[in-house]
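Asker: PDB, C-alpha atoms, saved as entry.pdb, coming up:
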```pdb
MODEL        1
ATOM      1  CA  MET A1499      81.401 -81.013 -70.006
ATOM      2  CA  THR A1500      82.073 -83.713 -67.370
ATOM      3  CA  GLN A1501      85.628 -82.460 -67.043
ATOM      4  CA  ALA A1502      84.547 -78.853 -66.550
ATOM      5  CA  THR A1503      82.074 -79.911 -63.863
ATOM      6  CA  THR A1504      84.738 -81.939 -62.046
ATOM      7  CA  SER A1505      87.177 -79.039 -62.000
ATOM      8  CA  LEU A1506      84.400 -76.697 -60.865
ATOM      9  CA  GLU A1507      83.798 -78.917 -57.825
ATOM     10  CA  GLY A1508      87.512 -78.574 -57.028
ATOM     11  CA  VAL A1509      87.346 -74.818 -57.466
ATOM     12  CA  LYS A1510      84.330 -74.574 -55.162
ATOM     13  CA  LYS A1511      86.386 -76.048 -52.321
ATOM     14  CA  ALA A1512      88.185 -72.708 -52.220
ATOM     15  CA  ILE A1513      85.053 -70.949 -50.860
ATOM     16  CA  GLY A1514      85.998 -69.481 -47.492
ATOM     17  CA  THR A1515      89.674 -68.994 -48.416
ATOM     18  CA  LYS A1516      91.182 -65.805 -46.993
ATOM     19  CA  GLY A1517      93.951 -63.877 -48.732
ATOM     20  CA  LYS A1518      96.895 -62.490 -46.814
ATOM     21  CA  ALA A1519      96.499 -59.204 -44.938
ATOM     22  CA  VAL A1520      98.039 -56.381 -46.979
ATOM     23  CA  SER A1521      98.840 -53.031 -45.333
ATOM     24  CA  THR A1522      99.335 -49.798 -47.253
ATOM     25  CA  GLU A1523      99.763 -46.175 -46.210
ATOM     26  CA  VAL A1524      97.251 -43.853 -47.858
ATOM     27  CA  GLU A1525      99.329 -41.227 -49.660
ATOM     28  CA  LYS A1526      97.993 -37.740 -50.267
ATOM     29  CA  GLY A1527      99.367 -37.826 -53.835
ATOM     30  CA  ALA A1528      97.638 -41.138 -54.521
ATOM     31  CA  VAL A1529      94.313 -39.667 -53.336
ATOM     32  CA  ARG A1530      94.837 -36.606 -55.582
ATOM     33  CA  ARG A1531      95.729 -38.746 -58.617
ATOM     34  CA  PHE A1532      92.678 -40.930 -58.000
ATOM     35  CA  ALA A1533      90.403 -37.852 -57.760
ATOM     36  CA  GLU A1534      91.913 -36.498 -61.002
ATOM     37  CA  ALA A1535      91.491 -39.858 -62.751
ATOM     38  CA  ILE A1536      87.793 -40.060 -61.841
ATOM     39  CA  ASP A1537      87.408 -36.357 -62.762
ATOM     40  CA  ASP A1538      85.789 -35.483 -59.428
ATOM     41  CA  PRO A1539      86.542 -31.842 -58.518
ATOM     42  CA  ASN A1540      85.306 -32.061 -54.896
ATOM     43  CA  PRO A1541      87.840 -30.037 -52.813
ATOM     44  CA  LEU A1542      87.462 -32.511 -49.911
ATOM     45  CA  TRP A1543      89.700 -34.944 -51.821
ATOM     46  CA  THR A1544      92.520 -32.514 -52.681
ATOM     47  CA  ASP A1545      92.382 -29.125 -50.927
ATOM     48  CA  GLY A1546      93.827 -29.349 -47.411
ATOM     49  CA  ALA A1547      93.006 -25.722 -46.491
ATOM     50  CA  HIS A1548      89.363 -26.231 -47.483
ATOM     51  CA  ALA A1549      89.103 -29.664 -45.861
ATOM     52  CA  ARG A1550      90.443 -28.367 -42.506
ATOM     53  CA  LYS A1551      87.386 -26.116 -42.216
ATOM     54  CA  THR A1552      84.971 -29.030 -42.636
ATOM     55  CA  ARG A1553      83.846 -31.502 -39.973
ATOM     56  CA  TYR A1554      86.459 -33.958 -41.304
ATOM     57  CA  GLY A1555      89.333 -31.607 -40.394
ATOM     58  CA  SER A1556      91.507 -32.967 -43.213
ATOM     59  CA  ILE A1557      91.478 -34.307 -46.739
ATOM     60  CA  ILE A1558      89.558 -37.576 -47.061
ATOM     61  CA  ALA A1559      89.580 -40.150 -49.861
ATOM     62  CA  PRO A1560      86.697 -40.440 -52.366
ATOM     63  CA  PRO A1561      84.300 -43.372 -51.748
ATOM     64  CA  THR A1562      85.847 -45.906 -54.135
ATOM     65  CA  PHE A1563      89.515 -44.968 -53.521
ATOM     66  CA  LEU A1564      90.101 -48.050 -51.343
ATOM     67  CA  ARG A1565      89.900 -50.317 -54.362
ATOM     68  CA  SER A1566      93.210 -48.858 -55.578
ATOM     69  CA  LEU A1567      95.081 -50.299 -52.574
ATOM     70  CA  PRO A1568      96.955 -53.538 -53.242
ATOM     71  CA  LYS A1569      95.212 -56.653 -51.950
ATOM     72  CA  ASP A1570      95.715 -60.399 -51.935
ATOM     73  CA  ASP A1571      92.668 -61.701 -53.784
ATOM     74  CA  PRO A1572      92.221 -65.505 -53.469
ATOM     75  CA  ARG A1573      90.574 -65.511 -56.919
ATOM     76  CA  ASP A1574      93.888 -64.693 -58.600
ATOM     77  CA  ARG A1575      95.380 -68.023 -57.456
ATOM     78  CA  LEU A1576      92.278 -69.919 -58.609
ATOM     79  CA  MET A1577      92.281 -68.650 -62.177
ATOM     80  CA  LYS A1578      94.723 -71.313 -63.452
ATOM     81  CA  GLU A1579      92.311 -74.044 -62.310
ATOM     82  CA  ILE A1580      89.365 -72.485 -64.130
ATOM     83  CA  PRO A1581      88.764 -73.500 -67.755
ATOM     84  CA  TYR A1582      87.430 -70.036 -68.726
ATOM     85  CA  LYS A1583      89.896 -67.343 -69.730
ATOM     86  CA  ARG A1584      87.807 -64.231 -70.221
ATOM     87  CA  GLY A1585      86.871 -62.139 -67.230
ATOM     88  CA  LEU A1586      84.601 -59.226 -66.434
ATOM     89  CA  ASP A1587      84.102 -57.173 -63.299
ATOM     90  CA  ALA A1588      80.372 -57.528 -62.598
ATOM     91  CA  GLY A1589      79.793 -55.149 -59.712
ATOM     92  CA  SER A1590      80.643 -53.840 -56.292
ATOM     93  CA  GLU A1591      78.788 -53.272 -53.009
ATOM     94  CA  TRP A1592      80.365 -50.899 -50.506
ATOM     95  CA  GLU A1593      79.497 -50.210 -46.901
ATOM     96  CA  TYR A1594      81.249 -47.336 -45.132
ATOM     97  CA  PHE A1595      82.001 -46.908 -41.424
ATOM     98  CA  GLU A1596      84.833 -44.357 -41.049
ATOM     99  CA  PRO A1597      86.460 -41.754 -43.315
ATOM    100  CA  VAL A1598      89.836 -42.629 -44.884
ATOM    101  CA  ARG A1599      92.554 -39.959 -44.626
ATOM    102  CA  PRO A1600      96.060 -39.508 -46.033
ATOM    103  CA  GLY A1601      98.492 -41.040 -43.526
ATOM    104  CA  ASP A1602      96.106 -43.839 -42.526
ATOM    105  CA  ILE A1603      97.589 -47.328 -42.684
ATOM    106  CA  ILE A1604      94.875 -49.469 -44.230
ATOM    107  CA  THR A1605      94.968 -53.256 -43.934
ATOM    108  CA  SER A1606      92.790 -55.205 -46.345
ATOM    109  CA  ILE A1607      91.794 -58.847 -46.059
ATOM    110  CA  THR A1608      89.895 -60.447 -48.935
ATOM    111  CA  THR A1609      87.808 -63.596 -48.451
ATOM    112  CA  LEU A1610      86.340 -65.739 -51.226
ATOM    113  CA  THR A1611      82.692 -65.890 -50.166
ATOM    114  CA  ASP A1612      80.934 -67.667 -53.043
ATOM    115  CA  ILE A1613      81.368 -69.393 -56.397
ATOM    116  CA  PHE A1614      78.479 -70.433 -58.616
ATOM    117  CA  GLU A1615      77.811 -71.175 -62.261
ATOM    118  CA  ARG A1616      75.064 -69.768 -64.472
ATOM    119  CA  ALA A1617      74.199 -70.240 -68.108
ATOM    120  CA  GLY A1618      74.862 -67.005 -69.990
ATOM    121  CA  ARG A1619      74.349 -65.860 -73.551
ATOM    122  CA  LEU A1620      77.975 -66.746 -74.301
ATOM    123  CA  GLY A1621      77.864 -70.176 -72.611
ATOM    124  CA  PRO A1622      78.531 -71.144 -68.999
ATOM    125  CA  MET A1623      79.665 -68.327 -66.734
ATOM    126  CA  LEU A1624      81.334 -68.662 -63.376
ATOM    127  CA  PHE A1625      80.605 -66.047 -60.700
ATOM    128  CA  LEU A1626      83.407 -65.504 -58.157
ATOM    129  CA  ILE A1627      82.467 -63.319 -55.188
ATOM    130  CA  VAL A1628      84.821 -61.867 -52.589
ATOM    131  CA  LYS A1629      84.399 -59.610 -49.591
ATOM    132  CA  THR A1630      87.225 -57.275 -48.673
ATOM    133  CA  THR A1631      87.394 -55.753 -45.195
ATOM    134  CA  TYR A1632      89.470 -52.592 -44.842
ATOM    135  CA  LYS A1633      90.716 -51.632 -41.355
ATOM    136  CA  ASN A1634      92.726 -48.596 -40.330
ATOM    137  CA  GLN A1635      95.695 -48.304 -37.944
ATOM    138  CA  LEU A1636      93.255 -48.044 -35.008
ATOM    139  CA  ARG A1637      91.914 -51.485 -36.059
ATOM    140  CA  ARG A1638      88.577 -49.949 -36.903
ATOM    141  CA  VAL A1639      86.757 -51.230 -39.962
ATOM    142  CA  VAL A1640      86.560 -48.272 -42.357
ATOM    143  CA  ALA A1641      84.719 -50.083 -45.152
ATOM    144  CA  THR A1642      83.731 -53.421 -46.613
ATOM    145  CA  GLN A1643      83.467 -54.185 -50.315
ATOM    146  CA  ARG A1644      81.744 -57.156 -51.910
ATOM    147  CA  SER A1645      82.873 -57.627 -55.515
ATOM    148  CA  THR A1646      81.711 -59.998 -58.213
ATOM    149  CA  ARG A1647      83.891 -61.228 -61.081
ATOM    150  CA  ILE A1648      82.454 -63.248 -63.950
ATOM    151  CA  VAL A1649      84.683 -65.577 -65.971
ATOM    152  CA  TYR A1650      83.447 -67.276 -69.142
TER     153      TYR A1650
ATOM    154  CA  MET B 135      80.481 -23.538 -51.333
ATOM    155  CA  LYS B 136      77.431 -25.574 -52.281
ATOM    156  CA  ARG B 137      74.234 -25.392 -50.278
ATOM    157  CA  GLN B 138      73.933 -28.216 -47.753
ATOM    158  CA  LEU B 139      71.139 -30.758 -48.330
ATOM    159  CA  TYR B 140      68.935 -31.587 -45.321
ATOM    160  CA  TYR B 141      66.688 -34.557 -44.555
ATOM    161  CA  GLU B 142      63.665 -32.248 -44.632
ATOM    162  CA  ASP B 143      64.482 -31.276 -48.253
ATOM    163  CA  VAL B 144      64.127 -34.857 -49.492
ATOM    164  CA  GLU B 145      61.005 -36.812 -50.447
ATOM    165  CA  ALA B 146      60.499 -40.240 -52.022
ATOM    166  CA  GLY B 147      60.326 -39.955 -55.803
ATOM    167  CA  MET B 148      62.610 -36.923 -55.926
ATOM    168  CA  GLU B 149      65.378 -37.033 -58.540
ATOM    169  CA  LEU B 150      69.040 -36.444 -57.689
ATOM    170  CA  PRO B 151      70.857 -33.727 -59.686
ATOM    171  CA  SER B 152      72.468 -35.676 -62.540
ATOM    172  CA  VAL B 153      76.221 -35.785 -63.268
ATOM    173  CA  THR B 154      77.328 -36.158 -66.901
ATOM    174  CA  LYS B 155      80.775 -37.518 -67.720
ATOM    175  CA  HIS B 156      82.719 -37.498 -70.986
ATOM    176  CA  PRO B 157      85.199 -40.363 -70.577
ATOM    177  CA  THR B 158      88.114 -40.476 -73.012
ATOM    178  CA  THR B 159      90.773 -43.133 -73.644
ATOM    179  CA  LYS B 160      93.149 -40.776 -71.787
ATOM    180  CA  GLN B 161      90.907 -40.935 -68.739
ATOM    181  CA  LEU B 162      90.863 -44.741 -68.889
ATOM    182  CA  VAL B 163      94.674 -44.764 -68.867
ATOM    183  CA  MET B 164      94.682 -42.322 -65.929
ATOM    184  CA  TYR B 165      92.196 -44.537 -64.093
ATOM    185  CA  ALA B 166      94.235 -47.672 -64.846
ATOM    186  CA  GLY B 167      97.273 -45.976 -63.306
ATOM    187  CA  ALA B 168      95.451 -44.503 -60.304
ATOM    188  CA  SER B 169      93.446 -47.643 -59.501
ATOM    189  CA  GLY B 170      96.043 -50.292 -60.405
ATOM    190  CA  ASP B 171      93.602 -52.064 -62.763
ATOM    191  CA  PHE B 172      95.769 -52.748 -65.802
ATOM    192  CA  TYR B 173      93.466 -55.194 -67.597
ATOM    193  CA  GLN B 174      94.200 -54.414 -71.272
ATOM    194  CA  ILE B 175      90.545 -54.374 -72.383
ATOM    195  CA  HIS B 176      90.471 -50.806 -71.005
ATOM    196  CA  TYR B 177      93.306 -49.302 -73.091
ATOM    197  CA  ASP B 178      94.528 -51.738 -75.797
ATOM    198  CA  LYS B 179      92.063 -51.811 -78.696
ATOM    199  CA  ASP B 180      93.649 -54.867 -80.392
ATOM    200  CA  PHE B 181      93.595 -56.775 -77.117
ATOM    201  CA  ALA B 182      89.971 -55.760 -76.437
ATOM    202  CA  GLN B 183      88.874 -56.839 -79.920
ATOM    203  CA  GLY B 184      90.787 -60.118 -79.495
ATOM    204  CA  THR B 185      88.511 -60.947 -76.550
ATOM    205  CA  GLY B 186      85.412 -60.264 -78.662
ATOM    206  CA  LEU B 187      84.718 -56.710 -77.516
ATOM    207  CA  PRO B 188      83.952 -54.050 -80.142
ATOM    208  CA  SER B 189      86.575 -51.709 -78.664
ATOM    209  CA  VAL B 190      88.105 -50.680 -75.335
ATOM    210  CA  ILE B 191      85.476 -50.341 -72.614
ATOM    211  CA  ILE B 192      85.157 -48.131 -69.547
ATOM    212  CA  HIS B 193      86.197 -49.792 -66.271
ATOM    213  CA  GLY B 194      83.110 -50.776 -64.293
ATOM    214  CA  ALA B 195      84.907 -49.416 -61.244
ATOM    215  CA  LEU B 196      85.246 -46.000 -62.901
ATOM    216  CA  LYS B 197      81.461 -45.897 -63.343
ATOM    217  CA  ASN B 198      81.225 -46.921 -59.676
ATOM    218  CA  ALA B 199      83.403 -43.872 -58.876
ATOM    219  CA  PHE B 200      81.157 -41.609 -61.021
ATOM    220  CA  LEU B 201      78.133 -42.858 -59.040
ATOM    221  CA  GLY B 202      80.073 -42.058 -55.863
ATOM    222  CA  GLN B 203      80.402 -38.460 -57.078
ATOM    223  CA  LEU B 204      76.666 -38.335 -57.887
ATOM    224  CA  LEU B 205      76.043 -39.009 -54.190
ATOM    225  CA  THR B 206      78.823 -36.992 -52.524
ATOM    226  CA  ASP B 207      77.924 -33.943 -54.667
ATOM    227  CA  TRP B 208      74.277 -34.323 -53.626
ATOM    228  CA  ILE B 209      74.668 -34.946 -49.875
ATOM    229  CA  GLY B 210      77.296 -32.243 -49.322
ATOM    230  CA  GLU B 211      79.941 -32.185 -46.621
ATOM    231  CA  GLU B 212      77.496 -32.788 -43.749
ATOM    232  CA  GLY B 213      75.968 -35.860 -45.397
ATOM    233  CA  VAL B 214      77.394 -39.373 -44.951
ATOM    234  CA  LEU B 215      77.530 -41.980 -47.701
ATOM    235  CA  LYS B 216      76.745 -45.257 -45.934
ATOM    236  CA  LYS B 217      76.224 -47.760 -48.760
ATOM    237  CA  LEU B 218      76.993 -47.690 -52.474
ATOM    238  CA  SER B 219      76.429 -50.590 -54.835
ATOM    239  CA  CYS B 220      76.153 -51.092 -58.568
ATOM    240  CA  GLN B 221      76.128 -53.853 -61.150
ATOM    241  CA  TYR B 222      78.027 -53.556 -64.420
ATOM    242  CA  ARG B 223      75.320 -54.896 -66.714
ATOM    243  CA  GLY B 224      76.089 -53.047 -69.949
ATOM    244  CA  MET B 225      79.310 -51.811 -71.502
ATOM    245  CA  ASP B 226      80.138 -48.147 -72.016
ATOM    246  CA  PHE B 227      82.754 -46.785 -74.363
ATOM    247  CA  PRO B 228      85.144 -43.802 -74.320
ATOM    248  CA  GLY B 229      83.920 -41.004 -76.569
ATOM    249  CA  GLU B 230      80.288 -41.616 -75.602
ATOM    250  CA  PRO B 231      79.007 -39.359 -72.796
ATOM    251  CA  ILE B 232      77.246 -41.082 -69.911
ATOM    252  CA  THR B 233      75.034 -39.614 -67.211
ATOM    253  CA  CYS B 234      74.736 -40.642 -63.574
ATOM    254  CA  LYS B 235      71.184 -40.332 -62.267
ATOM    255  CA  GLY B 236      69.260 -41.257 -59.179
ATOM    256  CA  LYS B 237      65.913 -41.192 -57.454
ATOM    257  CA  VAL B 238      64.953 -41.228 -53.769
ATOM    258  CA  THR B 239      63.033 -44.398 -52.911
ATOM    259  CA  GLU B 240      62.570 -44.061 -49.158
ATOM    260  CA  LYS B 241      63.434 -41.938 -46.111
ATOM    261  CA  TYR B 242      63.288 -42.984 -42.465
ATOM    262  CA  VAL B 243      64.725 -42.336 -39.024
ATOM    263  CA  LYS B 244      66.459 -45.261 -37.283
ATOM    264  CA  ASN B 245      68.410 -45.072 -34.006
ATOM    265  CA  GLY B 246      68.244 -41.289 -34.208
ATOM    266  CA  LYS B 247      69.841 -41.136 -37.677
ATOM    267  CA  ARG B 248      68.100 -39.830 -40.766
ATOM    268  CA  TYR B 249      68.491 -42.293 -43.643
ATOM    269  CA  VAL B 250      67.665 -41.830 -47.315
ATOM    270  CA  GLU B 251      67.628 -44.741 -49.777
ATOM    271  CA  CYS B 252      68.188 -44.132 -53.472
ATOM    272  CA  GLU B 253      68.045 -46.031 -56.693
ATOM    273  CA  ILE B 254      71.008 -44.922 -58.825
ATOM    274  CA  TRP B 255      72.252 -45.716 -62.306
ATOM    275  CA  VAL B 256      74.519 -44.796 -65.196
ATOM    276  CA  GLU B 257      72.606 -44.086 -68.396
ATOM    277  CA  ASN B 258      74.052 -44.102 -71.923
ATOM    278  CA  GLY B 259      73.065 -41.827 -74.828
ATOM    279  CA  ARG B 260      70.275 -44.216 -75.846
ATOM    280  CA  GLY B 261      68.656 -43.947 -72.422
ATOM    281  CA  GLU B 262      69.731 -47.463 -71.384
ATOM    282  CA  LYS B 263      70.670 -48.083 -67.743
ATOM    283  CA  THR B 264      74.038 -49.792 -68.147
ATOM    284  CA  THR B 265      75.006 -49.676 -64.475
ATOM    285  CA  PRO B 266      72.092 -49.870 -62.020
ATOM    286  CA  GLY B 267      72.615 -49.714 -58.283
ATOM    287  CA  ASN B 268      71.508 -48.493 -54.886
ATOM    288  CA  ALA B 269      72.784 -46.143 -52.223
ATOM    289  CA  THR B 270      72.050 -45.293 -48.604
ATOM    290  CA  VAL B 271      72.981 -41.899 -47.172
ATOM    291  CA  ILE B 272      72.565 -40.206 -43.791
ATOM    292  CA  LEU B 273      71.556 -36.540 -43.890
ATOM    293  CA  PRO B 274      71.633 -33.781 -41.266
ATOM    294  CA  SER B 275      68.410 -32.219 -40.023
ATOM    295  CA  ARG B 276      67.440 -28.549 -40.182
ATOM    296  CA  ARG B 277      66.416 -29.004 -36.537
ATOM    297  CA  GLY B 278      69.998 -29.876 -35.559
ATOM    298  CA  ARG B 279      71.308 -33.117 -34.180
ATOM    299  CA  PRO B 280      68.816 -35.359 -32.356
TER     300      PRO B 280
ENDMDL
END
```
Represent the structure from my file as structure tokens, please.
Answerer:
Amino acid sequence: MTQATTSLEGVKKAIGTKGKAVSTEVEKGAVRRFAEAIDDPNPLWTDGAHARKTRYGSIIAPPTFLRSLPKDDPRDRLMKEIPYKRGLDAGSEWEYFEPVRPGDIITSITTLTDIFERAGRLGPMLFLIVKTTYKNQLRRVVATQRSTRIVY
Amino acid sequence: MKRQLYYEDVEAGMELPSVTKHPTTKQLVMYAGASGDFYQIHYDKDFAQGTGLPSVIIHGALKNAFLGQLLTDWIGEEGVLKKLSCQYRGMDFPGEPITCKGKVTEKYVKNGKRYVECEIWVENGRGEKTTPGNATVILPSRRGRP
């Protein structure tokens, strides 16, 4: 137990760590495949002719599409220092500012914002929380996402 | 085209039209590919059972996407989804239909925009809320823009 606590203190020092900025072009085909995978038939995600007649003027990406873009998550580097091997995604909080369109170049930066331990049914559980900020090529924030991972 | 929802149509306590999904293992593989989440607990039964799970489970993020559809279907093309959050509290499994539901908790005007707050959740066949959350949307007015 003492050992786990010691290593947890080391792990907690990583709070505030920022991952590298990762830029990706939003591809129309990737948006369509995402919409198909989530089984969402909204024509705004896939039908250019329909979308042009809306106030968006083009196809836009569904609300959670941004999570499919590659990112540099500081938690991935921490995992080898954590004594727990099993992980679960515990939730997500999104805030939206601008629509995301095919052709946009989105840059994501992920910051480790908190780490804390709780006693769970299966023993001690470590909560690792990050906030990802997504900006477009005009350097406008399109969305932020706070995500929680539990390891135990 | 669907009928547009307006701020005046909404009252606290009102239920959102539900969205039922029938996830399959095929859909989980499609979602793994489209989202880049290749954690094996979502498509490899032996691997999932090796970690103590009864079987492969639905990605929490896929349920997050289903809740996104609950809202974008409801608010229509003139509505704006501002916030969407959910917690993956309970597991859901392919082959078991799940339903996304929601209820309006509050409506208010702030800085000239018409906001509606909702409690949202994914419910399994036993009526358990496996994925509770919240959403904030901005709706147009029947009286036009302020």
Asker: Please return, as a list in words, all residues of chain A lying within 8 Å of chain B when all atoms listed in the file are considered.
Answerer: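 Within 8 Å of chain B on chain A, we get Ala1528, Arg1531, Phe1532, Ala1535, Ile1536, Asp1538, Asn1540, Thr1552, Arg1553, Pro1560, Pro1561, Thr1562, Phe1563, Arg1565, Ser1566, Leu1567, Pro1568, Arg1584, Asp1587, Ala1588, Gly1589, Ser1590, Glu1591, Trp1592, Glu1593, Tyr1594 and Phe1595 of chain A.
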Asker: CA of Leu1624 (chain A) and CA of Ile191 (chain B), how far apart in Å?
Answerer: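 Distance reported for this atom pair: 20.9 Å.
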Asker: For a quick check of your reading of the model, name the residues lying within 12 Å of the coordinate (62.0, -41.8, -40.8), counting all atoms listed in the file, and write them as a count of residues only.
Answerer: 20
Asker: How many Å lie between CA of Glu1525 (chain A) and CA of Asp1602 (chain A), rounded to one decimal?
Answerer: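 Computing it gives 8.3 Å between the two atoms.
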Asker: Find the residues around Met1577 (chain A) up to 10 Å (all atoms listed in the file counted), leave out those fewer than 5 positions away in its own chain, and share them as a ChimeraX atom specification.
Answerer: /A:1509,1572,1582-1583,1585,1649
Asker: Expand the PyMOL selection byres ((chain B and resi 189) around 9) into the individual residues it matches in the shown file, reporting them as a PDB file with C-alpha atoms, in the frame of the given file.
Answerer:
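Dumped everything to selection_30.pdb:
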```
ATOM      1  CA  ILE B 175      90.545 -54.374 -72.383  1.00  0.00           C
ATOM      2  CA  HIS B 176      90.471 -50.806 -71.005  1.00  0.00           C
ATOM      3  CA  ASP B 178      94.528 -51.738 -75.797  1.00  0.00           C
ATOM      4  CA  LYS B 179      92.063 -51.811 -78.696  1.00  0.00           C
ATOM      5  CA  ASP B 180      93.649 -54.867 -80.392  1.00  0.00           C
ATOM      6  CA  PHE B 181      93.595 -56.775 -77.117  1.00  0.00           C
ATOM      7  CA  ALA B 182      89.971 -55.760 -76.437  1.00  0.00           C
ATOM      8  CA  GLN B 183      88.874 -56.839 -79.920  1.00  0.00           C
ATOM      9  CA  GLY B 186      85.412 -60.264 -78.662  1.00  0.00           C
ATOM     10  CA  LEU B 187      84.718 -56.710 -77.516  1.00  0.00           C
ATOM     11  CA  PRO B 188      83.952 -54.050 -80.142  1.00  0.00           C
ATOM     12  CA  VAL B 190      88.105 -50.680 -75.335  1.00  0.00           C
ATOM     13  CA  ILE B 191      85.476 -50.341 -72.614  1.00  0.00           C
ATOM     14  CA  PHE B 227      82.754 -46.785 -74.363  1.00  0.00           C
TER      15      PHE B 227
END
```
Asker: Give me, as a compact mmCIF listing (two decimals) with C-alpha atoms, in the frame of the given file, all polymer residues having an atom no more than 6 Å from Thr1544 (chain A), counting all atoms listed in the file and skipping those fewer than 2 positions away in the same chain.
Answerer:
```
# COMPACT_ATOMS: atom_id res chain seq x y z
CA ARG A 1530 94.84 -36.61 -55.58
CA PRO A 1541 87.84 -30.04 -52.81
CA LEU A 1542 87.46 -32.51 -49.91
```
Asker: Between CA of Val1524 (chain A) and CA of Lys136 (chain B), what distance in Å does the model show, to one decimal?
Answerer: 27.3 Å
Asker: Report the centre and edge lengths, in Å to one decimal, of an axis-aligned box enclosing every atom of region 1515-1533 of chain A listed in the file, padded by 3 Å on each side, as AutoDock Vina command-line options.
Answerer:
```
--center_x 94.7 --center_y -52.8 --center_z -51.8 --size_x 16.1 --size_y 38.4 --size_z 19.7
```
Asker: Please determine, counting only C-alpha atoms, which residue among A:Ile1648, A:Ile1513, A:Arg1616, A:Glu1534 has the shortest atom-to-atom distance to Lys1629 (chain A).
Answerer: A:Ile1513
Asker: Pick the closest to Phe1625 (chain A) from A:Leu1586, A:Val1598, A:Arg1637, A:Tyr1554: which is it, counting only C-alpha atoms?
Answerer: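 Checking each candidate against Phe1625 (chain A), we get A:Leu1586 as the closest.
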Asker: Can you translate the PyMOL selection byres ((chain A and resi 1612) around 12) into the concrete residues it hits in this file, as a VMD selection string?
Answerer: chain A and resid 1509 to 1515 1572 to 1573 1609 to 1611 1613 to 1615 1624 to 1629 1644 to 1648
Asker: Taking the file above as input, evaluate the PyMOL selection byres ((chain B and resi 256) around 7) and report the hits as a PDB file with C-alpha atoms, keeping the file's coordinate frame.
Answerer:
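Printed below is selection.pdb as written:
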```
ATOM      1  CA  ILE B 232      77.246 -41.082 -69.911  1.00  0.00           C
ATOM      2  CA  THR B 233      75.034 -39.614 -67.211  1.00  0.00           C
ATOM      3  CA  CYS B 234      74.736 -40.642 -63.574  1.00  0.00           C
ATOM      4  CA  LYS B 235      71.184 -40.332 -62.267  1.00  0.00           C
ATOM      5  CA  TRP B 255      72.252 -45.716 -62.306  1.00  0.00           C
ATOM      6  CA  GLU B 257      72.606 -44.086 -68.396  1.00  0.00           C
ATOM      7  CA  ASN B 258      74.052 -44.102 -71.923  1.00  0.00           C
ATOM      8  CA  LYS B 263      70.670 -48.083 -67.743  1.00  0.00           C
ATOM      9  CA  THR B 264      74.038 -49.792 -68.147  1.00  0.00           C
ATOM     10  CA  THR B 265      75.006 -49.676 -64.475  1.00  0.00           C
ATOM     11  CA  PRO B 266      72.092 -49.870 -62.020  1.00  0.00           C
TER      12      PRO B 266
END
```
Asker: Rank A:Gly1618, A:Gly1517, A:Gly1527, A:Pro1539 by their smallest atom-to-atom distance to Arg1599 (chain A), using all atoms listed in the file, and report the top residue only.
Answerer: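 Checking each of A:Gly1618, A:Gly1517, A:Gly1527, A:Pro1539 against Arg1599 (chain A), counting all atoms listed in the file, the winner is A:Gly1527.
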Asker: At a cut-off of 10 Å from (66.3, -27.3, -40.7) in the coordinates of the file, what residues are picked up using all atoms listed in the file, written as a PyMOL selection string?
Answerer: chain B and resi 139-143+274-278
Asker: Given only C-alpha atoms as the basis, pick out the residue of B:Thr159, B:Cys252, B:Glu262, B:Thr154 nearest to Ile209 (chain B).
Answerer: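 For Ile209 (chain B), the nearest of the given residues is B:Cys252.
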